[in-house]
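So this one's model-v3.tsv, TSV, C-alpha atoms and all ligand atoms:
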chain	number	residue	atom	x	y	z
G	16	MET	CA	249.18	115.38	60.54
G	17	ARG	CA	250.17	115.21	64.15
G	18	ILE	CA	251.50	111.82	65.18
G	19	ASN	CA	249.98	110.94	68.50
G	20	LYS	CA	249.17	107.68	70.20
G	21	LYS	CA	245.75	107.52	68.59
G	22	SER	CA	246.98	107.88	65.00
G	23	ILE	CA	249.69	105.28	65.55
G	24	SER	CA	247.20	102.74	66.80
G	25	ARG	CA	244.95	103.56	63.84
G	26	LEU	CA	247.89	102.95	61.47
G	27	LEU	CA	248.66	99.66	63.18
G	28	LEU	CA	245.04	98.61	62.77
G	29	VAL	CA	245.17	99.41	59.04
G	30	ALA	CA	248.42	97.45	58.68
G	31	ALA	CA	246.98	94.48	60.53
G	32	THR	CA	243.87	94.52	58.38
G	33	LEU	CA	245.92	94.67	55.19
G	34	SER	CA	248.18	91.81	56.16
G	35	ALA	CA	245.19	89.71	57.20
G	36	ALA	CA	243.62	90.43	53.83
G	37	SER	CA	246.73	89.42	51.91
G	38	ALA	CA	247.10	86.26	54.00
G	39	ALA	CA	243.53	85.39	53.07
G	40	LEU	CA	244.32	86.01	49.41
G	41	ALA	CA	247.43	83.85	49.56
G	42	LEU	CA	245.40	80.93	50.93
G	43	ASP	CA	242.68	81.23	48.30
G	44	ILE	CA	244.02	78.56	45.98
G	45	THR	CA	241.42	77.30	43.53
G	46	LEU	CA	242.07	74.22	41.46
G	47	PRO	CA	240.83	74.20	37.88
G	48	PRO	CA	237.18	73.14	38.30
G	49	GLU	CA	237.10	71.01	35.15
G	50	THR	CA	239.69	68.56	36.48
G	51	ALA	CA	239.59	68.84	40.28
G	52	ALA	CA	235.86	68.39	40.80
G	53	TYR	CA	233.39	65.91	39.37
G	54	ARG	CA	231.25	67.22	36.52
G	55	PRO	CA	227.83	68.18	37.84
G	56	SER	CA	225.04	65.88	36.82
G	57	ASN	CA	221.48	65.14	37.85
G	58	LEU	CA	222.37	61.45	38.05
G	59	PRO	CA	222.45	60.11	41.61
G	60	GLY	CA	226.00	58.84	41.07
G	61	TYR	CA	227.24	62.44	41.00
G	62	GLN	CA	226.57	62.86	44.71
G	63	LEU	CA	228.05	59.44	45.38
G	64	ALA	CA	231.21	60.27	43.44
G	65	GLN	CA	231.63	63.51	45.38
G	66	ARG	CA	231.24	61.59	48.62
G	67	ASN	CA	233.19	58.45	47.74
G	68	CYS	CA	235.74	59.37	45.13
G	69	MET	CA	237.44	62.47	46.54
G	70	THR	CA	239.05	61.05	49.66
G	71	CYS	CA	242.21	59.74	47.99
G	72	HIS	CA	242.52	61.79	44.81
G	73	SER	CA	240.69	64.55	42.98
G	74	ALA	CA	238.46	63.97	39.98
G	75	GLN	CA	241.52	64.48	37.81
G	76	TYR	CA	242.21	60.73	37.51
G	77	VAL	CA	238.68	60.31	36.20
G	78	ALA	CA	238.69	63.39	33.96
G	79	THR	CA	241.93	62.37	32.26
G	80	GLN	CA	240.73	58.91	31.24
G	81	PRO	CA	239.89	58.52	27.56
G	82	PRO	CA	236.15	57.89	27.02
G	83	SER	CA	235.82	54.33	28.23
G	84	SER	CA	233.22	51.59	28.31
G	85	ARG	CA	230.84	50.83	31.14
G	86	ALA	CA	232.88	47.65	31.75
G	87	TYR	CA	235.99	49.78	32.31
G	88	TRP	CA	234.19	52.04	34.81
G	89	GLU	CA	232.72	49.10	36.62
G	90	ALA	CA	236.14	47.45	36.92
G	91	THR	CA	237.70	50.76	38.01
G	92	VAL	CA	235.09	51.48	40.70
G	93	LYS	CA	235.48	47.94	42.04
G	94	LYS	CA	239.27	48.28	41.96
G	95	MET	CA	239.06	51.49	44.06
G	96	LYS	CA	237.17	49.49	46.65
G	97	LYS	CA	239.30	46.36	46.46
G	98	PRO	CA	242.30	46.34	46.57
G	99	PHE	CA	242.65	50.14	46.96
G	100	GLY	CA	240.38	50.27	50.00
G	101	ALA	CA	237.73	52.89	49.18
G	102	GLN	CA	234.98	52.92	51.81
G	103	PHE	CA	231.65	52.79	50.02
G	104	PRO	CA	228.92	50.14	50.11
G	105	ASP	CA	228.42	47.76	47.18
G	106	GLU	CA	224.93	49.25	46.69
G	107	ASP	CA	226.57	52.47	45.51
G	108	ILE	CA	228.44	50.77	42.67
G	109	PRO	CA	225.68	50.68	39.99
G	110	ALA	CA	224.86	54.39	40.37
G	111	LEU	CA	228.54	55.33	40.37
G	112	VAL	CA	229.20	53.28	37.24
G	113	ASP	CA	226.14	54.78	35.56
G	114	TYR	CA	227.25	58.33	36.35
G	115	LEU	CA	230.85	57.71	35.26
G	116	SER	CA	229.83	55.97	32.03
G	117	LYS	CA	227.40	58.71	31.07
G	118	THR	CA	229.58	61.62	32.18
G	119	TYR	CA	233.10	60.47	31.29
G	120	GLY	CA	232.61	57.28	29.32
G	121	THR	CA	231.49	56.21	25.89
G	122	GLU	CA	227.86	56.72	26.90
G	123	ARG	CA	228.40	60.39	27.42
G	124	THR	CA	225.38	62.41	26.36
G	125	PRO	CA	224.53	66.08	26.83
G	126	ALA	CA	221.38	64.95	28.68
G	127	ALA	CA	223.48	63.42	31.45
G	128	GLN	CA	225.05	66.78	32.21
G	129	ALA	CA	223.29	68.99	34.69
G	130	LYS	CA	221.75	72.19	33.48
G	131	PRO	CA	223.79	75.12	34.72
G	132	ALA	CA	222.33	76.52	37.93
G	133	SER	CA	220.27	79.61	37.19
L	201	LIG	C1	241.06	54.44	49.03
L	201	LIG	C2	241.55	55.48	48.16
L	201	LIG	C3	240.80	55.70	46.85
L	201	LIG	C4	239.47	56.03	46.69
L	201	LIG	C5	238.44	56.31	47.75
L	201	LIG	C6	239.26	56.12	45.27
L	201	LIG	N1	240.43	55.89	44.59
L	201	LIG	FE1	240.72	56.03	42.59
L	201	LIG	N2	242.68	55.62	42.82
L	201	LIG	C7	243.29	55.28	44.03
L	201	LIG	C8	244.66	54.90	43.78
L	201	LIG	C9	245.66	54.45	44.84
L	201	LIG	C10	244.86	55.01	42.39
L	201	LIG	C11	246.10	54.70	41.59
L	201	LIG	C12	247.01	55.85	41.58
L	201	LIG	C13	248.23	55.55	40.76
L	201	LIG	O1	248.24	54.57	40.03
L	201	LIG	O2	249.15	56.35	40.84
L	201	LIG	C14	243.60	55.47	41.82
L	201	LIG	C15	243.41	55.73	40.48
L	201	LIG	C16	242.19	56.03	39.89
L	201	LIG	C17	241.98	56.20	38.47
L	201	LIG	C18	243.05	56.17	37.40
L	201	LIG	C19	243.00	54.93	36.60
L	201	LIG	C20	243.51	53.73	37.33
L	201	LIG	O3	242.93	52.67	37.11
L	201	LIG	O4	244.49	53.83	38.10
L	201	LIG	C21	240.64	56.42	38.31
L	201	LIG	C22	239.90	56.63	37.00
L	201	LIG	C23	240.04	56.42	39.62
L	201	LIG	N3	241.01	56.19	40.56
L	201	LIG	C24	238.69	56.60	39.87
L	201	LIG	C25	238.11	56.55	41.13
L	201	LIG	C26	236.68	56.60	41.35
L	201	LIG	C27	235.63	56.74	40.27
L	201	LIG	C28	236.49	56.53	42.71
L	201	LIG	C29	235.16	56.48	43.44
L	201	LIG	C30	234.33	55.33	43.11
L	201	LIG	C31	237.81	56.43	43.32
L	201	LIG	N4	238.75	56.43	42.33
L	201	LIG	C32	238.03	56.38	44.69
L	201	LIG	C33	242.70	55.32	45.26
L	201	LIG	C34	241.39	55.62	45.52

What is this structure when it is put down as structure tokens?
Amino acid sequence: MRINKKSISRLLLVAATLSAASAALALDITLPPETAAYRPSNLPGYQLAQRNCMTCHSAQYVATQPPSSRAYWEATVKKMKKPFGAQFPDEDIPALVDYLSKTYGTERTPAAQAKPAS
């Protein structure tokens, strides 16, 4: 092949595209979904947990708790608010506690888990 100005600029374009693609790959870090994100559920507290419980830490702290009572989850949610300083209204607490108890706690039932999206 004859190397002329046109083929060099074409090569440079290919090189630029490749390095952009590998940069994109390098940034594509996915955390293990089972610990980083809250477990999907049809309970309203799922949305609230995603909104209120991801600002300081991932769902990992929740996922790594042993199955605990509703009283534990209520105390924990309240503790995140005061003294830890989470910004959610008191009205959100019952739904959050319900979701956490049924999804991670001793009240865990298959019915509380969302059906996989189809
Ligand atoms: C304002 C920041 C903040 C928000 C928002 C927050 N947390 Fe936390 N969370 C913390 C801190 C700080 C710790 C303690 C970390 C440590 O001990 O190393 C913690 C720890 C935890 C733990 C581990 C057990 C424990 O008692 O330390 C659980 C479970 C937990 N959070 C659940 C939640 C849930 C559920 C929500 C949403 C209702 C939430 N967090 C929102 C700051 C927050």

Env. residues ligand LIG 201 (chain L) / 10 Å / all atoms listed in the file / as a PyMOL selection string = chain G and resi 53+60+63-81+83+87-103+107-108+110-112+114-115+119

Any idea what the distance is between CA of Ser116 (chain G) and CA of Arg85 (chain G)?
->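 Spanning CA of Ser116 (chain G) to CA of Arg85 (chain G) is a straight-line distance of 5.3 Å.
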
What does the distance between CA of Glu106 (chain G) and CA of Arg54 (chain G) come to in Å, to one decimal place?
->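 Straight-line distance from CA of Glu106 (chain G) to CA of Arg54 (chain G) works out to 21.6 Å.
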
Between G:Ala86, G:Lys117, G:Glu122, G:Pro109, which one has atoms that come closest to Asn57 (chain G), using all atoms listed in the file?
->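 Result for the nearest residue to Asn57 (chain G): G:Lys117.
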
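The gap separating CA of Thr45 (chain G) from CA of Ala31 (chain G) is 24.8 Å, in Å to one decimal.
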
Smallest atom-to-atom distance to Leu58 (chain G): which of G:Arg123, G:Ser22, G:Asp113, G:Asp105, using all atoms listed in the file?
->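 Among the listed residues, the smallest separation from Leu58 (chain G) belongs to G:Asp113.
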